file my_file_21.cif (mmCIF, C-alpha atoms)
data_protein
#
loop_
_atom_site.label_atom_id
_atom_site.label_comp_id
_atom_site.auth_asym_id
_atom_site.auth_seq_id
_atom_site.Cartn_x
_atom_site.Cartn_y
_atom_site.Cartn_z
CA MET S 1 175.92 -47.24 -44.70
CA LYS S 2 174.89 -46.44 -41.15
CA ILE S 3 172.08 -43.97 -40.68
CA ASN S 4 172.79 -41.78 -37.69
CA SER S 5 172.04 -38.24 -38.75
CA ARG S 6 168.46 -38.66 -39.85
CA LYS S 7 165.67 -39.65 -37.53
CA ILE S 8 163.68 -42.77 -38.16
CA ALA S 9 160.12 -42.05 -39.26
CA LEU S 10 157.53 -44.27 -37.60
CA ILE S 11 154.28 -44.13 -39.51
CA SER S 12 151.24 -45.77 -37.94
CA CYS S 13 148.01 -46.45 -39.78
CA SER S 14 146.01 -45.75 -36.59
CA GLY S 15 143.04 -47.31 -38.39
CA GLU S 16 139.87 -46.29 -36.59
CA ASP S 17 137.70 -49.20 -37.64
CA LEU S 18 139.89 -52.03 -36.38
CA PRO S 19 141.21 -52.87 -32.90
CA GLU S 20 144.54 -53.58 -34.60
CA GLY S 21 144.62 -49.91 -35.67
CA THR S 22 144.41 -48.87 -32.05
CA VAL S 23 147.27 -51.25 -31.18
CA SER S 24 149.40 -49.79 -34.00
CA ARG S 25 148.69 -46.26 -32.80
CA VAL S 26 149.43 -46.88 -29.12
CA ALA S 27 152.59 -48.95 -29.72
CA THR S 28 153.95 -46.36 -32.16
CA ARG S 29 153.15 -43.42 -29.93
CA ARG S 30 154.81 -45.05 -26.90
CA ILE S 31 158.03 -45.57 -28.88
CA LEU S 32 157.91 -41.96 -30.12
CA GLU S 33 157.70 -40.80 -26.51
CA GLN S 34 160.56 -43.05 -25.42
CA ARG S 35 163.08 -42.33 -28.18
CA ASP S 36 164.33 -39.00 -29.45
CA ASP S 37 165.73 -40.57 -32.61
CA THR S 38 162.24 -41.09 -34.05
CA VAL S 39 159.70 -38.81 -35.67
CA THR S 40 156.26 -39.27 -37.15
CA ILE S 41 153.66 -37.72 -39.40
CA CYS S 42 149.90 -38.20 -39.43
CA LEU S 43 149.30 -40.56 -42.35
CA PRO S 44 146.22 -38.70 -43.74
CA LEU S 45 148.44 -35.60 -44.13
CA PHE S 46 150.04 -37.24 -47.16
CA LEU S 47 146.82 -36.45 -49.01
CA ALA S 48 145.61 -33.43 -47.03
CA GLY S 49 148.96 -31.68 -46.81
CA GLY S 50 151.34 -30.23 -49.33
CA GLN S 51 154.60 -31.26 -50.97
CA GLY S 52 156.45 -30.79 -47.69
CA GLU S 53 154.42 -33.54 -46.08
CA ARG S 54 154.84 -35.77 -49.12
CA ASP S 55 158.61 -35.30 -49.03
CA PHE S 56 158.71 -36.42 -45.40
CA ALA S 57 158.91 -40.07 -46.41
CA LYS S 58 161.80 -39.35 -48.78
CA GLU S 59 163.73 -37.41 -46.19
CA ASN S 60 163.54 -39.97 -43.40
CA PRO S 61 163.93 -43.75 -43.46
CA CYS S 62 160.45 -45.07 -42.74
CA ILE S 63 159.16 -47.94 -40.66
CA THR S 64 155.43 -48.44 -41.11
CA VAL S 65 153.14 -49.95 -38.49
CA ASP S 66 149.90 -51.20 -40.00
CA GLY S 67 146.92 -52.87 -38.41
CA CYS S 68 145.86 -55.10 -41.27
CA GLN S 69 146.84 -56.53 -44.61
CA LYS S 70 145.62 -53.47 -46.49
CA MET S 71 148.80 -51.84 -45.17
CA CYS S 72 147.65 -48.25 -45.60
CA ALA S 73 150.79 -46.80 -44.05
CA ALA S 74 153.16 -48.77 -46.27
CA VAL S 75 151.05 -48.07 -49.36
CA GLY S 76 150.82 -44.38 -48.42
CA VAL S 77 154.60 -44.05 -48.11
CA LYS S 78 155.04 -45.55 -51.58
CA LYS S 79 152.16 -43.65 -53.16
CA TYR S 80 152.95 -40.18 -51.84
CA GLY S 81 156.61 -40.37 -50.90
CA GLY S 82 157.67 -42.47 -53.87
CA VAL S 83 159.84 -44.66 -51.65
CA THR S 84 159.59 -48.12 -50.18
CA PRO S 85 159.50 -48.29 -46.37
CA ARG S 86 162.73 -49.65 -44.91
CA SER S 87 160.68 -51.98 -42.82
CA THR S 88 157.03 -52.88 -42.32
CA ILE S 89 155.07 -54.28 -39.40
CA VAL S 90 151.50 -55.63 -39.58
CA ILE S 91 149.76 -56.06 -36.24
CA SER S 92 147.47 -58.89 -37.39
CA GLU S 93 150.56 -60.85 -38.47
CA VAL S 94 152.36 -60.10 -35.21
CA ALA S 95 149.36 -61.38 -33.25
CA GLU S 96 149.22 -64.55 -35.30
CA THR S 97 152.95 -65.22 -35.23
CA LEU S 98 153.28 -64.66 -31.50
CA LYS S 99 149.95 -66.33 -30.74
CA CYS S 100 148.65 -63.23 -28.95
CA PRO S 101 144.86 -63.00 -28.61
CA LYS S 102 143.27 -60.95 -31.37
CA PRO S 103 142.49 -57.49 -29.96
CA THR S 104 138.79 -56.86 -29.49
CA SER S 105 138.38 -53.20 -28.55
CA LYS S 106 138.77 -50.25 -30.89
CA SER S 107 138.41 -47.70 -28.12
CA LYS S 108 140.91 -48.92 -25.53
CA ILE S 109 143.85 -51.22 -24.89
CA THR S 110 142.57 -54.02 -22.70
CA SER S 111 144.81 -56.04 -20.41
CA ASP S 112 144.77 -58.81 -23.04
CA ASP S 113 145.83 -56.33 -25.75
CA GLU S 114 148.70 -55.03 -23.65
CA LYS S 115 150.83 -58.09 -24.46
CA LEU S 116 150.40 -57.40 -28.17
CA VAL S 117 151.31 -53.74 -27.67
CA GLN S 118 154.44 -54.72 -25.73
CA ASN S 119 155.48 -57.24 -28.37
CA THR S 120 154.89 -54.71 -31.14
CA MET S 121 157.05 -52.18 -29.31
CA LYS S 122 159.85 -54.75 -29.07
CA ILE S 123 159.59 -55.38 -32.81
CA ILE S 124 159.61 -51.65 -33.60
CA ASN S 125 162.76 -51.22 -31.49
CA GLU S 126 164.44 -54.14 -33.28
CA LYS S 127 163.51 -52.69 -36.66
CA ILE S 128 164.88 -49.27 -35.67
CA ARG S 129 168.18 -50.89 -34.67
CA THR S 130 168.38 -52.77 -37.94
CA VAL S 131 167.60 -49.69 -40.03
CA LYS S 132 170.15 -47.60 -38.13
CA GLU S 133 172.80 -50.25 -38.68
CA GLY S 134 172.03 -50.08 -42.38
CA LYS S 135 171.00 -53.70 -42.59
CA ASN S 136 167.91 -52.87 -44.59
CA MET H 1 111.86 -53.84 -52.58
CA SER H 2 113.30 -52.35 -49.43
CA GLU H 3 115.74 -49.53 -49.83
CA LYS H 4 119.01 -49.90 -47.98
CA ARG H 5 119.11 -47.32 -45.23
CA SER H 6 122.23 -45.21 -45.11
CA ARG H 7 124.24 -44.81 -41.94
CA HIS H 8 126.17 -41.75 -40.92
CA ILE H 9 129.91 -42.28 -41.22
CA ILE H 10 131.85 -40.61 -38.43
CA ILE H 11 135.47 -40.03 -39.42
CA PRO H 12 138.04 -38.69 -36.95
CA CYS H 13 141.52 -37.57 -37.90
CA SER H 14 143.12 -39.66 -35.11
CA GLY H 15 146.17 -37.41 -35.33
CA ILE H 16 149.03 -39.18 -33.58
CA GLY H 17 150.89 -36.00 -32.68
CA LYS H 18 148.37 -34.20 -30.51
CA ALA H 19 145.91 -35.02 -27.70
CA VAL H 20 143.12 -33.39 -29.73
CA GLY H 21 143.55 -36.19 -32.28
CA THR H 22 142.76 -38.68 -29.54
CA VAL H 23 139.79 -36.57 -28.44
CA ALA H 24 138.44 -36.78 -32.00
CA ARG H 25 138.92 -40.54 -32.01
CA ARG H 26 137.29 -40.95 -28.60
CA ALA H 27 134.27 -38.85 -29.63
CA THR H 28 133.83 -41.13 -32.63
CA TYR H 29 133.75 -44.25 -30.46
CA ILE H 30 131.25 -42.67 -28.06
CA VAL H 31 128.87 -42.05 -30.98
CA THR H 32 129.42 -45.25 -32.97
CA GLY H 33 129.83 -47.61 -30.01
CA GLU H 34 127.63 -46.17 -27.29
CA LYS H 35 125.14 -43.49 -28.38
CA LEU H 36 124.06 -44.40 -31.92
CA PRO H 37 125.52 -47.80 -32.79
CA ARG H 38 122.70 -48.63 -35.23
CA GLN H 39 122.68 -45.33 -37.10
CA THR H 40 126.41 -44.73 -37.34
CA GLU H 41 129.71 -46.37 -38.11
CA THR H 42 133.26 -45.30 -38.77
CA THR H 43 135.80 -46.12 -41.41
CA CYS H 44 139.57 -46.07 -41.37
CA LEU H 45 140.63 -42.64 -42.61
CA PRO H 46 143.90 -44.04 -44.06
CA LEU H 47 141.81 -46.12 -46.46
CA LEU H 48 140.67 -42.85 -48.02
CA THR H 49 144.24 -41.62 -48.11
CA ILE H 50 145.29 -44.63 -50.18
CA GLU H 51 142.11 -44.36 -52.27
CA ASP H 52 140.62 -47.71 -51.29
CA LYS H 53 137.65 -48.24 -53.59
CA GLU H 54 135.29 -49.62 -50.95
CA ALA H 55 136.01 -46.80 -48.50
CA VAL H 56 135.58 -44.16 -51.20
CA GLU H 57 132.19 -45.63 -52.16
CA LYS H 58 131.16 -45.65 -48.51
CA VAL H 59 131.80 -41.90 -48.03
CA ARG H 60 130.04 -41.10 -51.29
CA GLU H 61 126.97 -43.17 -50.52
CA ASN H 62 126.48 -42.21 -46.86
CA PRO H 63 126.32 -38.89 -45.01
CA CYS H 64 129.66 -38.14 -43.37
CA ILE H 65 130.62 -36.21 -40.27
CA THR H 66 134.33 -35.49 -39.84
CA ILE H 67 136.11 -34.63 -36.59
CA ASP H 68 139.50 -32.99 -36.95
CA GLY H 69 142.00 -32.13 -34.27
CA CYS H 70 143.98 -29.38 -35.94
CA ILE H 71 143.98 -26.82 -38.72
CA ALA H 72 145.29 -29.34 -41.25
CA GLN H 73 141.75 -30.81 -41.29
CA CYS H 74 142.90 -34.16 -42.63
CA ALA H 75 139.56 -35.94 -42.19
CA LYS H 76 137.55 -33.20 -43.90
CA LYS H 77 140.04 -32.84 -46.75
CA ASN H 78 140.27 -36.58 -47.37
CA VAL H 79 136.46 -36.82 -47.63
CA GLU H 80 136.25 -33.74 -49.84
CA HIS H 81 139.02 -35.02 -52.08
CA HIS H 82 136.92 -38.07 -52.90
CA LYS H 83 133.73 -36.04 -53.34
CA GLY H 84 132.22 -37.70 -50.29
CA ASN H 85 128.85 -36.74 -48.88
CA LEU H 86 130.21 -34.39 -46.21
CA ARG H 87 127.38 -33.07 -44.02
CA VAL H 88 129.25 -31.54 -41.11
CA ALA H 89 132.92 -30.89 -40.34
CA ILE H 90 133.76 -30.49 -36.66
CA ASN H 91 137.08 -29.21 -35.35
CA VAL H 92 138.10 -30.02 -31.79
CA LEU H 93 139.88 -26.65 -31.62
CA ASP H 94 136.52 -24.87 -32.02
CA VAL H 95 135.03 -26.94 -29.22
CA LEU H 96 138.07 -26.12 -27.08
CA ARG H 97 137.50 -22.41 -27.68
CA GLN H 98 133.91 -22.82 -26.51
CA ASN H 99 135.12 -24.74 -23.46
CA PRO H 100 138.31 -22.97 -22.40
CA GLY H 101 138.36 -24.68 -19.02
CA LEU H 102 138.77 -28.12 -20.53
CA LYS H 103 142.39 -29.04 -21.22
CA PRO H 104 142.93 -32.49 -22.71
CA GLY H 105 145.87 -34.44 -21.31
CA THR H 106 148.22 -36.39 -23.54
CA VAL H 107 147.93 -38.34 -26.78
CA LEU H 108 147.82 -41.62 -24.88
CA GLU H 109 145.75 -40.43 -21.93
CA ILE H 110 143.39 -37.54 -22.61
CA GLY H 111 142.24 -37.43 -18.98
CA PRO H 112 138.90 -36.30 -17.52
CA ASP H 113 138.85 -32.98 -19.40
CA GLY H 114 139.62 -34.72 -22.69
CA GLU H 115 136.81 -37.18 -21.96
CA LYS H 116 134.42 -34.29 -21.30
CA LEU H 117 135.43 -32.65 -24.57
CA ALA H 118 134.89 -35.91 -26.43
CA SER H 119 131.47 -36.28 -24.80
CA ARG H 120 130.46 -32.75 -25.83
CA ILE H 121 131.49 -33.44 -29.43
CA ALA H 122 129.56 -36.70 -29.31
CA GLU H 123 126.47 -34.89 -27.98
CA THR H 124 126.71 -32.39 -30.84
CA ILE H 125 126.87 -35.21 -33.37
CA VAL H 126 123.93 -37.05 -31.80
CA LYS H 127 121.89 -33.82 -32.00
CA ILE H 128 122.82 -33.28 -35.66
CA ILE H 129 121.82 -36.82 -36.60
CA SER H 130 118.61 -36.71 -34.56
CA GLU H 131 117.57 -33.52 -36.34
CA GLU H 132 118.19 -35.09 -39.72
CA GLU H 133 115.98 -38.10 -38.97
#

call {"tool": "encode", "arguments": {"input": "my_file_21.cif", "output": "structure tokens"}}
result
Amino acid sequence: MKINSRKIALISCSGEDLPEGTVSRVATRRILEQRDDTVTICLPLFLAGGQGERDFAKENPCITVDGCQKMCAAVGVKKYGGVTPRSTIVISEVAETLKCPKPTSKSKITSDDEKLVQNTMKIINEKIRTVKEGKN
Amino acid sequence: MSEKRSRHIIIPCSGIGKAVGTVARRATYIVTGEKLPRQTETTCLPLLTIEDKEAVEKVRENPCITIDGCIAQCAKKNVEHHKGNLRVAINVLDVLRQNPGLKPGTVLEIGPDGEKLASRIAETIVKIISEEE
């Protein structure tokens, strides 16, 4: 089944204590600004918000963008939304797979980090296409 | 036996939908990275959302200062939910009301005014911590 009517939910961990969290946040936000077929929600709202926020993950096919193996965004979607994300991305794995330098700054995207951000954006776009085509 | 000294945990909401979320995040990095790197640290707020044991222990065992960008107050509520040691809850919207001339830019680029707002929040936090010591 193709998914055209609903927007794709991009949920970033935005982890504050890891440079990878900053990469996840910036890459996700850039895609949100480029595409009108995507939406987002602040991850901590799953706990701080009400049922409406918790239903968000059920109502939209989710792609999670996490900084590390703890995968807070993916776990949060399952825990509060009761659904499995359609697709998951982990920045530390992307960096390793693509042999990008490990990001070093939590507070800004350095010129070295930019390559990782660009690669993550490409992966997010590929995942969106796959989800919209109903391939996962 | 030396007692382990606690550090203040600064926790921003990092809201991805609004520039004030970025201001909160930036203020945190000014405090933890530049102003008081030895007395403060941060933790990933999403770890509290998924009830990570280590993160929950950290906010219970150390004084916490939250910085929220909007009325949802995600950082404050996540700390309160876990019965964390919440000392002060700051909302960027209150600081904006006190500084009506400062308009932060965008989520990805808060601009000079956003930087000034973040600096003022950081100064407030430094003052709070200095008074406690």

call {"tool": "resolve_selection", "arguments": {"input": "my_file_21.cif", "expression": "the PyMOL selection byres ((chain H) within 8 of (chain S))", "output": "PyMOL selection string"}}
result
chain H and resi 12-17+25-26+29+42-47+49-50+72-75+77-78+107-108

call {"tool": "atom_distance", "arguments": {"input": "my_file_21.cif", "atom1": "CA of Val56 (chain H)", "atom2": "CA of Thr28 (chain H)"}}
result
18.9 Å

call {"tool": "atom_distance", "arguments": {"input": "my_file_21.cif", "atom1": "CA of Leu86 (chain H)", "atom2": "CA of Ile65 (chain H)"}}
result
6.2 Å

call {"tool": "resolve_selection", "arguments": {"input": "my_file_21.cif", "expression": "the PyMOL selection byres ((chain S and resi 92) around 10)", "output": "mmCIF file with C-alpha atoms, in the coordinates of the input"}}
result
data_model
loop_
_atom_site.group_PDB
_atom_site.id
_atom_site.type_symbol
_atom_site.label_atom_id
_atom_site.label_comp_id
_atom_site.auth_asym_id
_atom_site.auth_seq_id
_atom_site.Cartn_x
_atom_site.Cartn_y
_atom_site.Cartn_z
ATOM 1 C CA PRO S 19 141.210 -52.870 -32.900
ATOM 2 C CA GLU S 20 144.540 -53.580 -34.600
ATOM 3 C CA GLY S 21 144.620 -49.910 -35.670
ATOM 4 C CA VAL S 23 147.270 -51.250 -31.180
ATOM 5 C CA SER S 24 149.400 -49.790 -34.000
ATOM 6 C CA ASP S 66 149.900 -51.200 -40.000
ATOM 7 C CA GLY S 67 146.920 -52.870 -38.410
ATOM 8 C CA CYS S 68 145.860 -55.100 -41.270
ATOM 9 C CA GLN S 69 146.840 -56.530 -44.610
ATOM 10 C CA ILE S 89 155.070 -54.280 -39.400
ATOM 11 C CA VAL S 90 151.500 -55.630 -39.580
ATOM 12 C CA ILE S 91 149.760 -56.060 -36.240
ATOM 13 C CA GLU S 93 150.560 -60.850 -38.470
ATOM 14 C CA VAL S 94 152.360 -60.100 -35.210
ATOM 15 C CA ALA S 95 149.360 -61.380 -33.250
ATOM 16 C CA GLU S 96 149.220 -64.550 -35.300
ATOM 17 C CA THR S 97 152.950 -65.220 -35.230
ATOM 18 C CA CYS S 100 148.650 -63.230 -28.950
ATOM 19 C CA LYS S 102 143.270 -60.950 -31.370
ATOM 20 C CA PRO S 103 142.490 -57.490 -29.960
ATOM 21 C CA LEU S 116 150.400 -57.400 -28.170
#

call {"tool": "resolve_selection", "arguments": {"input": "my_file_21.cif", "expression": "the PyMOL selection byres ((chain H and resi 66) around 9)", "output": "list of chain:residue names"}}
result
H:Ile9, H:Ile10, H:Ile11, H:Pro12, H:Cys13, H:Ala24, H:Cys64, H:Ile65, H:Ile67, H:Asp68, H:Gln73, H:Ala75, H:Lys76, H:Val79, H:Leu86, H:Arg87, H:Val88, H:Ala89, H:Ile90, H:Asn91

call {"tool": "atom_distance", "arguments": {"input": "my_file_21.cif", "atom1": "CA of Thr64 (chain S)", "atom2": "CA of Thr88 (chain S)"}}
result
4.9 Å

call {"tool": "residues_near_point", "arguments": {"input": "my_file_21.cif", "point": "(161.4, -48.8, -44.1)", "cutoff": "8 Å", "atoms": "all atoms listed in the file", "output": "list in words"}}
result
Pro61, Cys62, Ile63, Thr64, Thr84, Pro85, Arg86, Ser87, Thr88, Val131 and Asn136 of chain S

call {"tool": "residues_around", "arguments": {"input": "my_file_21.cif", "residues": "Ile121 (chain H)", "least_positions_apart": "5", "cutoff": "8 Å", "atoms": "only C-alpha atoms", "output": "list of chain:residue names"}}
result
H:Ala27, H:Val92, H:Val95

call {"tool": "closest_residue", "arguments": {"input": "my_file_21.cif", "among": "H:Pro100, H:Gly21, H:Gly105, H:Gly33", "to": "Ala122 (chain H)", "atoms": "all atoms listed in the file"}}
result
H:Gly33

call {"tool": "residues_near_point", "arguments": {"input": "my_file_21.cif", "point": "(163.4, -41.0, -47.4)", "cutoff": "9 Å", "atoms": "all atoms listed in the file", "output": "list in words"}}
result
Ala9, Asp55, Phe56, Ala57, Lys58, Glu59, Asn60, Pro61, Cys62, Gly81, Gly82, Val83, Thr84 and Pro85 of chain S
